[in-house]
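One file, work12.cif, is given below (mmCIF, C-alpha atoms).
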```cif
data_run
loop_
_atom_site.label_atom_id
_atom_site.label_comp_id
_atom_site.auth_asym_id
_atom_site.auth_seq_id
_atom_site.Cartn_x
_atom_site.Cartn_y
_atom_site.Cartn_z
CA MET A 42 80.50 83.92 191.85
CA GLY A 43 78.72 86.69 189.99
CA ALA A 44 75.45 86.58 188.07
CA GLN A 45 74.25 83.10 187.14
CA ILE A 46 72.49 81.81 184.02
CA SER A 47 68.79 81.20 184.51
CA ASN A 48 67.14 78.10 183.08
CA SER A 49 63.62 77.52 184.36
CA ALA A 50 62.65 74.87 181.80
CA GLU A 51 61.19 71.71 183.28
CA VAL A 52 61.87 68.32 181.79
CA ARG A 53 58.80 67.06 179.90
CA GLN A 54 57.97 64.10 177.69
CA SER A 55 58.24 63.90 173.90
CA ALA A 56 56.53 61.92 171.18
CA ILE A 57 56.27 61.55 167.42
CA LEU A 58 53.12 63.46 166.49
CA GLY A 59 52.92 62.64 162.78
CA LEU A 60 54.69 60.75 159.99
CA GLY A 61 54.93 61.42 156.27
CA VAL A 62 56.98 59.77 153.52
CA TYR A 63 57.91 60.23 149.90
CA ARG A 64 58.64 57.32 147.58
CA PRO A 65 59.93 58.10 144.07
CA GLU A 66 57.65 57.08 141.22
CA ARG A 67 60.14 54.91 139.33
CA VAL A 68 60.28 51.26 140.43
CA VAL A 69 63.55 49.52 139.51
CA SER A 70 63.42 45.73 139.45
CA ASN A 71 66.26 43.30 140.06
CA ALA A 72 66.10 42.45 136.36
CA GLU A 73 66.86 46.06 135.47
CA ILE A 74 69.70 46.25 138.00
CA CYS A 75 71.19 43.09 136.49
CA GLU A 76 71.51 44.85 133.14
CA THR A 77 74.64 46.57 134.51
CA ILE A 78 75.92 44.06 137.10
CA ASP A 79 76.78 40.38 136.85
CA SER A 80 73.98 38.97 139.00
CA THR A 81 70.48 37.50 138.94
CA ASP A 82 67.13 38.22 140.53
CA GLU A 83 67.36 34.93 142.43
CA TRP A 84 70.83 35.75 143.83
CA ILE A 85 69.82 39.26 144.92
CA GLN A 86 66.67 38.07 146.66
CA SER A 87 68.45 35.19 148.39
CA ARG A 88 71.27 37.41 149.68
CA SER A 89 69.33 40.56 150.58
CA GLY A 90 65.57 40.02 150.37
CA ILE A 91 65.31 42.85 147.82
CA LYS A 92 62.89 42.53 144.89
CA ASN A 93 62.57 46.17 143.82
CA ARG A 94 63.76 49.60 144.82
CA ARG A 95 62.84 53.19 143.88
CA PHE A 96 65.15 55.50 141.93
CA ALA A 97 64.44 59.23 141.86
CA ASN A 98 64.03 61.10 138.58
CA ASP A 99 65.54 64.48 137.75
CA GLU A 100 62.75 66.38 139.50
CA GLU A 101 62.89 64.22 142.63
CA SER A 102 65.96 65.80 144.20
CA VAL A 103 67.01 65.28 147.82
CA LEU A 104 65.55 68.70 148.53
CA ALA A 105 62.27 68.02 146.73
CA MET A 106 61.76 64.67 148.48
CA ALA A 107 62.60 66.18 151.87
CA ILE A 108 60.06 68.96 151.35
CA ALA A 109 57.35 66.54 150.21
CA SER A 110 57.80 64.20 153.17
CA GLY A 111 58.01 67.13 155.60
CA ARG A 112 54.76 68.58 154.31
CA LYS A 113 53.02 65.23 154.84
CA ALA A 114 54.41 64.90 158.38
CA LEU A 115 53.07 68.34 159.25
CA GLU A 116 49.67 67.38 157.85
CA ALA A 117 49.61 64.14 159.86
CA SER A 118 50.59 65.92 163.09
CA GLY A 119 48.18 68.84 162.77
CA ILE A 120 51.05 71.19 163.57
CA LEU A 121 51.31 74.37 161.50
CA PRO A 122 54.58 75.19 159.71
CA GLU A 123 55.03 78.37 161.74
CA GLN A 124 54.93 76.34 164.97
CA ILE A 125 58.10 74.44 164.00
CA GLY A 126 61.06 75.59 166.09
CA ALA A 127 63.75 73.53 164.36
CA VAL A 128 64.24 71.44 161.22
CA VAL A 129 66.75 68.60 161.35
CA VAL A 130 67.63 66.72 158.14
CA ALA A 131 69.53 63.43 158.24
CA THR A 132 71.24 62.78 154.90
CA SER A 133 74.53 61.80 153.33
CA THR A 134 73.56 62.57 149.73
CA TYR A 135 72.54 66.22 149.68
CA PRO A 136 74.79 67.56 146.91
CA SER A 137 75.83 70.81 148.63
CA GLN A 138 77.72 71.13 151.88
CA THR A 139 76.64 74.76 152.09
CA PRO A 140 73.94 75.87 152.59
CA GLN A 141 72.57 73.01 154.65
CA CYS A 142 69.56 71.16 153.29
CA ALA A 143 67.50 71.83 156.43
CA ALA A 144 67.54 75.61 156.02
CA VAL A 145 66.20 75.41 152.47
CA VAL A 146 63.55 72.88 153.51
CA ALA A 147 62.47 75.09 156.40
CA ASP A 148 62.00 78.05 154.08
CA ALA A 149 60.12 76.03 151.44
CA LEU A 150 57.67 74.76 154.06
CA GLY A 151 56.91 78.26 155.32
CA THR A 152 58.22 77.69 158.84
CA GLY A 153 59.37 81.28 159.27
CA GLY A 154 63.07 80.81 159.88
CA PRO A 155 63.55 78.25 162.68
CA ALA A 156 66.83 76.63 163.65
CA ALA A 157 67.93 74.31 160.85
CA PHE A 158 70.80 71.86 160.57
CA ASP A 159 71.81 68.61 158.89
CA VAL A 160 72.99 65.39 160.55
CA THR A 161 75.36 63.05 158.74
CA ALA A 162 75.48 59.67 160.46
CA GLY A 163 74.88 57.30 157.57
CA CYS A 164 72.07 54.80 157.96
CA ALA A 165 71.79 55.61 161.68
CA GLY A 166 71.18 59.27 160.84
CA PHE A 167 67.42 59.33 161.35
CA CYS A 168 67.59 57.71 164.78
CA TYR A 169 70.37 60.15 165.74
CA ALA A 170 68.26 63.11 164.59
CA LEU A 171 65.15 61.75 166.34
CA SER A 172 67.04 61.51 169.63
CA ILE A 173 68.39 65.04 169.29
CA ALA A 174 64.88 66.35 168.57
CA SER A 175 63.42 64.42 171.50
CA ASP A 176 65.97 65.89 173.92
CA MET A 177 65.35 69.41 172.57
CA VAL A 178 61.62 69.03 173.21
CA ARG A 179 62.08 67.43 176.63
CA LEU A 180 64.34 70.24 177.81
CA GLY A 181 62.13 72.98 176.41
CA THR A 182 64.56 74.20 173.77
CA GLU A 183 61.73 74.02 171.22
CA ASP A 184 58.14 72.82 171.25
CA TYR A 185 57.93 71.24 167.81
CA ILE A 186 60.71 69.88 165.62
CA LEU A 187 60.57 68.48 162.09
CA VAL A 188 62.95 65.56 161.56
CA ILE A 189 63.60 64.29 158.03
CA GLY A 190 65.62 61.36 156.70
CA VAL A 191 66.27 61.62 152.96
CA GLU A 192 68.64 60.05 150.43
CA ARG A 193 69.30 59.65 146.70
CA MET A 194 71.56 56.62 146.95
CA SER A 195 71.20 55.96 143.22
CA ASP A 196 73.55 58.91 142.65
CA SER A 197 76.16 57.49 145.03
CA THR A 198 76.49 53.90 143.80
CA GLU A 199 78.49 52.97 140.71
CA PRO A 200 76.11 51.25 138.24
CA THR A 201 78.49 48.36 137.51
CA ASP A 202 79.55 47.68 141.13
CA ARG A 203 78.19 44.21 141.84
CA ALA A 204 78.79 44.53 145.59
CA VAL A 205 76.79 47.72 146.09
CA ARG A 206 74.49 48.69 143.23
CA PHE A 207 71.64 46.25 143.92
CA ILE A 208 71.29 47.23 147.59
CA PHE A 209 70.37 50.89 147.57
CA GLY A 210 67.34 53.00 146.71
CA ASP A 211 65.98 56.53 147.11
CA GLY A 212 63.28 58.12 149.26
CA ALA A 213 62.41 60.32 152.23
CA GLY A 214 60.54 60.12 155.51
CA ALA A 215 59.72 62.79 158.07
CA VAL A 216 58.24 63.09 161.54
CA VAL A 217 57.12 65.94 163.77
CA VAL A 218 58.37 65.63 167.35
CA GLY A 219 56.60 67.53 170.11
CA PRO A 220 55.62 67.51 173.79
CA SER A 221 53.45 64.71 175.14
CA ASP A 222 51.62 63.67 178.30
CA VAL A 223 53.31 60.25 178.08
CA THR A 224 56.77 59.12 177.05
CA GLY A 225 56.53 58.62 173.31
CA ILE A 226 60.27 58.39 172.55
CA GLY A 227 62.43 56.25 174.79
CA PRO A 228 66.08 56.81 175.76
CA VAL A 229 68.53 56.33 172.91
CA VAL A 230 71.28 53.71 172.85
CA TRP A 231 73.86 54.95 170.39
CA GLY A 232 77.53 54.79 169.53
CA SER A 233 80.13 54.19 166.84
CA ASP A 234 83.10 52.02 165.91
CA GLY A 235 85.50 54.19 163.94
CA SER A 236 88.02 51.35 163.81
CA GLN A 237 85.76 49.87 161.10
CA SER A 238 85.22 53.14 159.25
CA GLN A 239 86.49 51.66 155.98
CA ALA A 240 83.69 49.07 155.92
CA ILE A 241 81.33 51.65 154.34
CA ARG A 242 83.04 54.62 152.76
CA GLN A 243 83.10 57.15 149.94
CA GLU A 244 86.02 56.60 147.60
CA PRO A 245 87.80 58.76 146.56
CA ASP A 246 87.11 61.87 148.63
CA TRP A 247 85.95 65.14 147.04
CA LEU A 248 89.39 66.77 147.09
CA ALA A 249 90.80 63.87 145.10
CA PHE A 250 87.89 64.21 142.69
CA ALA A 251 88.61 67.93 142.27
CA ASN A 252 92.18 67.10 141.30
CA ASP A 253 91.07 64.33 138.93
CA PRO A 254 87.41 64.63 137.79
CA ALA A 255 87.71 61.30 135.98
CA GLN A 256 87.72 59.60 139.41
CA ARG A 257 84.14 60.14 140.57
CA PRO A 258 83.44 59.30 144.24
CA TRP A 259 81.21 56.27 144.91
CA ILE A 260 79.98 54.38 147.96
CA LYS A 261 82.18 51.34 148.60
CA MET A 262 81.34 48.61 151.06
CA GLU A 263 82.96 45.55 152.63
CA GLY A 264 79.81 43.46 152.69
CA THR A 265 81.03 40.58 154.83
CA ALA A 266 82.41 42.88 157.53
CA VAL A 267 79.22 44.93 157.64
CA PHE A 268 77.02 41.83 157.77
CA ARG A 269 79.02 40.32 160.61
CA TRP A 270 79.04 43.55 162.64
CA ALA A 271 75.36 44.36 162.15
CA ALA A 272 74.01 40.84 162.54
CA PHE A 273 75.81 40.12 165.79
CA GLU A 274 76.18 43.54 167.45
CA MET A 275 72.81 45.16 166.76
CA GLY A 276 70.98 42.53 168.81
CA LYS A 277 72.80 43.93 171.84
CA VAL A 278 71.73 47.46 170.93
CA ALA A 279 68.12 46.33 170.50
CA THR A 280 68.11 44.63 173.89
CA GLN A 281 69.68 47.64 175.60
CA ALA A 282 67.13 50.02 174.04
CA LEU A 283 64.29 47.87 175.39
CA GLU A 284 65.88 47.73 178.83
CA ARG A 285 66.43 51.50 178.98
CA ALA A 286 62.81 52.08 177.95
CA GLY A 287 61.54 49.54 180.49
CA VAL A 288 59.63 47.71 177.76
CA ALA A 289 59.25 43.95 177.47
CA MET A 290 59.76 42.42 174.04
CA GLU A 291 56.28 40.89 174.00
CA ASP A 292 54.78 44.37 174.49
CA LEU A 293 56.11 45.57 171.13
CA GLY A 294 53.74 46.20 168.26
CA ALA A 295 56.59 46.08 165.74
CA PHE A 296 60.34 45.72 165.34
CA ILE A 297 61.64 48.27 162.81
CA PRO A 298 65.33 47.76 162.08
CA HIS A 299 67.22 49.68 159.41
CA GLN A 300 66.43 48.11 156.05
CA ALA A 301 70.02 47.24 155.17
CA ASN A 302 69.53 43.59 154.35
CA GLY A 303 66.61 41.28 155.00
CA ARG A 304 68.93 38.49 156.09
CA ILE A 305 70.66 40.73 158.66
CA ASN A 306 67.28 41.61 160.15
CA GLU A 307 66.32 37.95 160.38
CA VAL A 308 69.52 37.22 162.32
CA ILE A 309 68.92 40.16 164.67
CA ALA A 310 65.34 39.05 165.35
CA ARG A 311 66.52 35.53 166.18
CA SER A 312 69.39 36.75 168.35
CA ILE A 313 67.05 38.78 170.59
CA LYS A 314 64.47 35.96 170.60
CA LEU A 315 61.81 38.24 169.16
CA PRO A 316 58.38 36.63 169.64
CA GLU A 317 56.70 35.51 166.42
CA SER A 318 53.75 37.70 167.39
CA VAL A 319 55.86 40.84 166.85
CA PRO A 320 55.97 41.81 163.15
CA VAL A 321 59.27 42.89 161.59
CA SER A 322 59.31 45.55 158.91
CA ASP A 323 60.21 44.16 155.49
CA ASP A 324 60.15 47.42 153.55
CA ILE A 325 63.50 46.50 152.01
CA ALA A 326 61.77 44.04 149.68
CA GLU A 327 60.18 46.85 147.66
CA THR A 328 62.27 49.88 148.67
CA GLY A 329 65.83 48.67 149.11
CA ASN A 330 68.28 50.30 151.51
CA THR A 331 67.56 54.03 151.65
CA SER A 332 70.13 54.84 154.35
CA ALA A 333 68.90 57.72 156.55
CA ALA A 334 65.40 57.48 155.02
CA SER A 335 65.10 53.79 155.87
CA ILE A 336 63.58 53.93 159.37
CA PRO A 337 60.73 56.40 158.67
CA LEU A 338 59.89 54.59 155.42
CA ALA A 339 59.83 51.29 157.31
CA MET A 340 57.62 52.82 160.01
CA GLU A 341 55.20 53.88 157.32
CA GLU A 342 55.25 50.37 155.83
CA VAL A 343 54.22 48.61 159.04
CA ILE A 344 51.40 51.08 159.66
CA ARG A 345 50.16 51.23 156.04
CA THR A 346 50.05 47.45 155.71
CA GLY A 347 48.30 46.98 159.05
CA LYS A 348 51.16 45.05 160.65
CA ALA A 349 51.05 47.60 163.46
CA LYS A 350 48.86 50.53 164.42
CA PRO A 351 49.46 54.10 165.57
CA GLY A 352 49.68 54.10 169.35
CA GLU A 353 51.55 50.79 169.56
CA LEU A 354 55.16 50.49 170.68
CA ALA A 355 57.92 49.95 168.13
CA LEU A 356 61.63 49.29 168.51
CA LEU A 357 63.77 51.26 166.06
CA VAL A 358 67.40 50.32 165.37
CA GLY A 359 69.49 52.19 162.79
CA PHE A 360 73.02 51.16 161.83
CA GLY A 361 75.55 51.78 159.09
CA ALA A 362 78.46 53.95 157.99
CA GLY A 363 80.77 55.10 160.72
CA LEU A 364 80.26 52.40 161.70
CA SER A 365 77.48 53.96 163.77
CA TYR A 366 74.27 52.85 165.41
CA ALA A 367 71.30 54.17 167.38
CA GLY A 368 68.15 52.59 168.76
CA GLN A 369 65.09 53.65 170.75
CA VAL A 370 61.55 52.55 171.55
CA VAL A 371 58.80 54.83 170.25
CA ILE A 372 55.03 55.03 170.13
CA LEU A 373 53.98 54.75 166.48
CA PRO A 374 52.48 57.99 165.15
CA PRO A 375 49.54 58.73 162.85
CA LEU A 376 50.16 58.78 159.10
CA ALA A 377 49.37 61.47 156.58
CA GLN A 378 46.31 60.62 154.52
CA ASP A 379 47.04 60.40 150.78
#
```
Take the structure in this file and express it as structure tokens.
Amino acid sequence: MGAQISNSAEVRQSAILGLGVYRPERVVSNAEICETIDSTDEWIQSRSGIKNRRFANDEESVLAMAIASGRKALEASGILPEQIGAVVVATSTYPSQTPQCAAVVADALGTGGPAAFDVTAGCAGFCYALSIASDMVRLGTEDYILVIGVERMSDSTEPTDRAVRFIFGDGAGAVVVGPSDVTGIGPVVWGSDGSQSQAIRQEPDWLAFANDPAQRPWIKMEGTAVFRWAAFEMGKVATQALERAGVAMEDLGAFIPHQANGRINEVIARSIKLPESVPVSDDIAETGNTSAASIPLAMEEVIRTGKAKPGELALLVGFGAGLSYAGQVVILPPLAQD
């Protein structure tokens, strides 16, 4: 064998150093949603736990929300933009496939041209991106990474679709991941079930739309199939994530599942026998399902409301289109001060 590749990097620990979020100004009630779908406030709350959600205005683009949340995460972490070695954006609703959202965000934040790429893994996207960033830090690829989950789901759901419209909202959340003296991000448990890919899908695809612009693509969902899969499979993922992290359930400061449906999260909590002393994020009640933005927004909710504090352990579980899932235990980070 000839010359060999040198890699002297030592494995180190990673943690979330700061968290920032952006919530659109406009609050959309169930009553307003019911102006275009055949439903009621009572039915929506009983089936999903949702009371309100946020819809972005014309100025609150995916890019603008990503930048705003990223700026707050940097502030909370105390890390300067030029120290960021990579920007990773989890989204399914950025309107351009090229260039990637992350590169534009990186430039807007003054990071000086780091690596930048997008991750598309539906509602599990943030947890996927967080795991990638954690591994990059642990292996010494980069010291500090900005991870953002951002969506404008209001653009992707047909206003008269009774099965989908009431569920989704808009928003963004970001974290800075960096080296740590202790393990701040546990091992990920992740995977997918492509055999159920039609359960959450875009229909039609963009090529079909190009051939017939009258057929605009929308998010379609088989609600019963998704509920059954998430409610009964994600408990296994949650348990495995705890086991891999070596953390007992009673040591958690919070359980932060993807805010897909309040009833799903209740079933998951019961299935893993979550102690009543461990609070469960209920950000969905006022924010709806924000897909890849859901987990960081829900993290912010438990800290802002005092349900949990920075420094405590939290179990994150993201799940959705793919069908895909990812979960890990993290130490809750500090928040940006408004």
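Considering all atoms listed in the file, the residue among A:Ser87, A:Asn306, A:Thr328, A:Thr265 positioned nearest to Ala204 (chain A) is A:Thr265.
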Hits from the PyMOL selection byres ((chain A and resi 296-299) around 7), listed as number ranges by chain: A: 295, 300-301, 306, 319-322, 335-336, 339-340, 355-360
The PyMOL selection byres ((chain A and resi 162) around 10) resolved against shown file, as a list in words: Ala131, Thr132, Ser133, Asp159, Val160, Thr161, Gly163, Cys164, Ala165, Gly166, Phe167, Cys168, Tyr169, Ala170, Ser233, Ser332, Ala333, Gly359, Phe360, Gly361, Ala362, Gly363, Leu364, Ser365, Tyr366 and Ala367 of chain A
Residue among A:Phe268, A:Phe158, A:Tyr63, A:Tyr135 lying closest to Arg193 (chain A), counting all atoms listed in the file: A:Tyr135
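For Cys75 (chain A), the residues within 9 Å (counting only C-alpha atoms, excluding itself and residues fewer than 6 positions away along the chain) are Thr81, Asp82, Arg203 and Phe207 of chain A.
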Residue IDs satisfying the PyMOL selection byres ((chain A and resi 272-279) around 7), as a PyMOL selection string: chain A and resi 230+268-271+280-283+305+308-309+312-313+358+368
For CA of Val267 (chain A) and CA of Ile208 (chain A), the interatomic separation in Å (one decimal): 13.0 Å
Where atoms are missing, can you supply N, CA and C atoms for region 153-187 of chain A and output the lot as a PDB file, in the coordinates of the input?
```
ATOM      1  N   GLY A 153      59.055  79.979 158.714  1.00  0.00           N
ATOM      2  CA  GLY A 153      59.370  81.280 159.270  1.00  0.00           C
ATOM      3  C   GLY A 153      60.739  81.425 159.881  1.00  0.00           C
ATOM      4  N   GLY A 154      61.679  80.618 159.454  1.00  0.00           N
ATOM      5  CA  GLY A 154      63.070  80.810 159.880  1.00  0.00           C
ATOM      6  C   GLY A 154      63.463  80.171 161.195  1.00  0.00           C
ATOM      7  N   PRO A 155      63.121  78.906 161.446  1.00  0.00           N
ATOM      8  CA  PRO A 155      63.550  78.250 162.680  1.00  0.00           C
ATOM      9  C   PRO A 155      65.017  77.819 162.604  1.00  0.00           C
ATOM     10  N   ALA A 156      65.522  77.265 163.699  1.00  0.00           N
ATOM     11  CA  ALA A 156      66.830  76.630 163.650  1.00  0.00           C
ATOM     12  C   ALA A 156      66.803  75.524 162.616  1.00  0.00           C
ATOM     13  N   ALA A 157      67.913  75.316 161.920  1.00  0.00           N
ATOM     14  CA  ALA A 157      67.930  74.310 160.850  1.00  0.00           C
ATOM     15  C   ALA A 157      69.335  73.778 160.685  1.00  0.00           C
ATOM     16  N   PHE A 158      69.481  72.456 160.758  1.00  0.00           N
ATOM     17  CA  PHE A 158      70.800  71.860 160.570  1.00  0.00           C
ATOM     18  C   PHE A 158      70.672  70.435 160.065  1.00  0.00           C
ATOM     19  N   ASP A 159      71.755  69.962 159.421  1.00  0.00           N
ATOM     20  CA  ASP A 159      71.810  68.610 158.890  1.00  0.00           C
ATOM     21  C   ASP A 159      72.610  67.706 159.817  1.00  0.00           C
ATOM     22  N   VAL A 160      72.272  66.416 159.797  1.00  0.00           N
ATOM     23  CA  VAL A 160      72.990  65.390 160.550  1.00  0.00           C
ATOM     24  C   VAL A 160      73.499  64.355 159.557  1.00  0.00           C
ATOM     25  N   THR A 161      74.783  64.069 159.602  1.00  0.00           N
ATOM     26  CA  THR A 161      75.360  63.050 158.740  1.00  0.00           C
ATOM     27  C   THR A 161      75.878  61.905 159.597  1.00  0.00           C
ATOM     28  N   ALA A 162      75.088  60.852 159.679  1.00  0.00           N
ATOM     29  CA  ALA A 162      75.480  59.670 160.460  1.00  0.00           C
ATOM     30  C   ALA A 162      75.095  58.412 159.716  1.00  0.00           C
ATOM     31  N   GLY A 163      75.169  58.475 158.383  1.00  0.00           N
ATOM     32  CA  GLY A 163      74.880  57.300 157.570  1.00  0.00           C
ATOM     33  C   GLY A 163      73.480  56.773 157.810  1.00  0.00           C
ATOM     34  N   CYS A 164      73.369  55.467 157.828  1.00  0.00           N
ATOM     35  CA  CYS A 164      72.070  54.800 157.960  1.00  0.00           C
ATOM     36  C   CYS A 164      71.486  54.923 159.365  1.00  0.00           C
ATOM     37  N   ALA A 165      72.295  55.347 160.327  1.00  0.00           N
ATOM     38  CA  ALA A 165      71.790  55.610 161.680  1.00  0.00           C
ATOM     39  C   ALA A 165      71.315  57.047 161.829  1.00  0.00           C
ATOM     40  N   GLY A 166      71.417  57.839 160.765  1.00  0.00           N
ATOM     41  CA  GLY A 166      71.180  59.270 160.840  1.00  0.00           C
ATOM     42  C   GLY A 166      69.803  59.650 161.349  1.00  0.00           C
ATOM     43  N   PHE A 167      68.752  58.959 160.903  1.00  0.00           N
ATOM     44  CA  PHE A 167      67.420  59.330 161.350  1.00  0.00           C
ATOM     45  C   PHE A 167      67.255  59.110 162.836  1.00  0.00           C
ATOM     46  N   CYS A 168      67.721  57.979 163.344  1.00  0.00           N
ATOM     47  CA  CYS A 168      67.590  57.710 164.780  1.00  0.00           C
ATOM     48  C   CYS A 168      68.413  58.694 165.599  1.00  0.00           C
ATOM     49  N   TYR A 169      69.580  59.110 165.088  1.00  0.00           N
ATOM     50  CA  TYR A 169      70.370  60.150 165.740  1.00  0.00           C
ATOM     51  C   TYR A 169      69.547  61.451 165.812  1.00  0.00           C
ATOM     52  N   ALA A 170      69.006  61.860 164.658  1.00  0.00           N
ATOM     53  CA  ALA A 170      68.260  63.110 164.590  1.00  0.00           C
ATOM     54  C   ALA A 170      67.009  63.062 165.463  1.00  0.00           C
ATOM     55  N   LEU A 171      66.346  61.910 165.504  1.00  0.00           N
ATOM     56  CA  LEU A 171      65.150  61.750 166.340  1.00  0.00           C
ATOM     57  C   LEU A 171      65.492  61.926 167.813  1.00  0.00           C
ATOM     58  N   SER A 172      66.624  61.376 168.230  1.00  0.00           N
ATOM     59  CA  SER A 172      67.040  61.510 169.630  1.00  0.00           C
ATOM     60  C   SER A 172      67.368  62.954 169.978  1.00  0.00           C
ATOM     61  N   ILE A 173      68.061  63.630 169.067  1.00  0.00           N
ATOM     62  CA  ILE A 173      68.390  65.040 169.290  1.00  0.00           C
ATOM     63  C   ILE A 173      67.100  65.864 169.430  1.00  0.00           C
ATOM     64  N   ALA A 174      66.146  65.621 168.528  1.00  0.00           N
ATOM     65  CA  ALA A 174      64.880  66.350 168.570  1.00  0.00           C
ATOM     66  C   ALA A 174      64.121  66.057 169.858  1.00  0.00           C
ATOM     67  N   SER A 175      64.111  64.798 170.268  1.00  0.00           N
ATOM     68  CA  SER A 175      63.420  64.420 171.500  1.00  0.00           C
ATOM     69  C   SER A 175      63.998  65.160 172.701  1.00  0.00           C
ATOM     70  N   ASP A 176      65.329  65.193 172.798  1.00  0.00           N
ATOM     71  CA  ASP A 176      65.970  65.890 173.920  1.00  0.00           C
ATOM     72  C   ASP A 176      65.682  67.385 173.885  1.00  0.00           C
ATOM     73  N   MET A 177      65.649  67.973 172.694  1.00  0.00           N
ATOM     74  CA  MET A 177      65.350  69.410 172.570  1.00  0.00           C
ATOM     75  C   MET A 177      63.944  69.714 173.077  1.00  0.00           C
ATOM     76  N   VAL A 178      62.993  68.836 172.738  1.00  0.00           N
ATOM     77  CA  VAL A 178      61.620  69.030 173.210  1.00  0.00           C
ATOM     78  C   VAL A 178      61.538  68.808 174.709  1.00  0.00           C
ATOM     79  N   ARG A 179      62.164  67.762 175.202  1.00  0.00           N
ATOM     80  CA  ARG A 179      62.080  67.430 176.630  1.00  0.00           C
ATOM     81  C   ARG A 179      62.651  68.546 177.504  1.00  0.00           C
ATOM     82  N   LEU A 180      63.705  69.187 177.032  1.00  0.00           N
ATOM     83  CA  LEU A 180      64.340  70.240 177.810  1.00  0.00           C
ATOM     84  C   LEU A 180      63.749  71.630 177.568  1.00  0.00           C
ATOM     85  N   GLY A 181      62.777  71.705 176.655  1.00  0.00           N
ATOM     86  CA  GLY A 181      62.130  72.980 176.410  1.00  0.00           C
ATOM     87  C   GLY A 181      62.847  73.892 175.453  1.00  0.00           C
ATOM     88  N   THR A 182      63.860  73.375 174.756  1.00  0.00           N
ATOM     89  CA  THR A 182      64.560  74.200 173.770  1.00  0.00           C
ATOM     90  C   THR A 182      63.602  74.653 172.681  1.00  0.00           C
ATOM     91  N   GLU A 183      62.780  73.719 172.200  1.00  0.00           N
ATOM     92  CA  GLU A 183      61.730  74.020 171.220  1.00  0.00           C
ATOM     93  C   GLU A 183      60.520  73.161 171.519  1.00  0.00           C
ATOM     94  N   ASP A 184      59.362  73.596 171.040  1.00  0.00           N
ATOM     95  CA  ASP A 184      58.140  72.820 171.250  1.00  0.00           C
ATOM     96  C   ASP A 184      57.932  71.774 170.158  1.00  0.00           C
ATOM     97  N   TYR A 185      58.192  72.151 168.914  1.00  0.00           N
ATOM     98  CA  TYR A 185      57.930  71.240 167.810  1.00  0.00           C
ATOM     99  C   TYR A 185      59.124  71.229 166.850  1.00  0.00           C
ATOM    100  N   ILE A 186      59.533  70.039 166.479  1.00  0.00           N
ATOM    101  CA  ILE A 186      60.710  69.880 165.620  1.00  0.00           C
ATOM    102  C   ILE A 186      60.368  68.937 164.475  1.00  0.00           C
ATOM    103  N   LEU A 187      60.742  69.321 163.278  1.00  0.00           N
ATOM    104  CA  LEU A 187      60.570  68.480 162.090  1.00  0.00           C
ATOM    105  C   LEU A 187      61.859  67.742 161.824  1.00  0.00           C
TER     106      LEU A 187
END
```
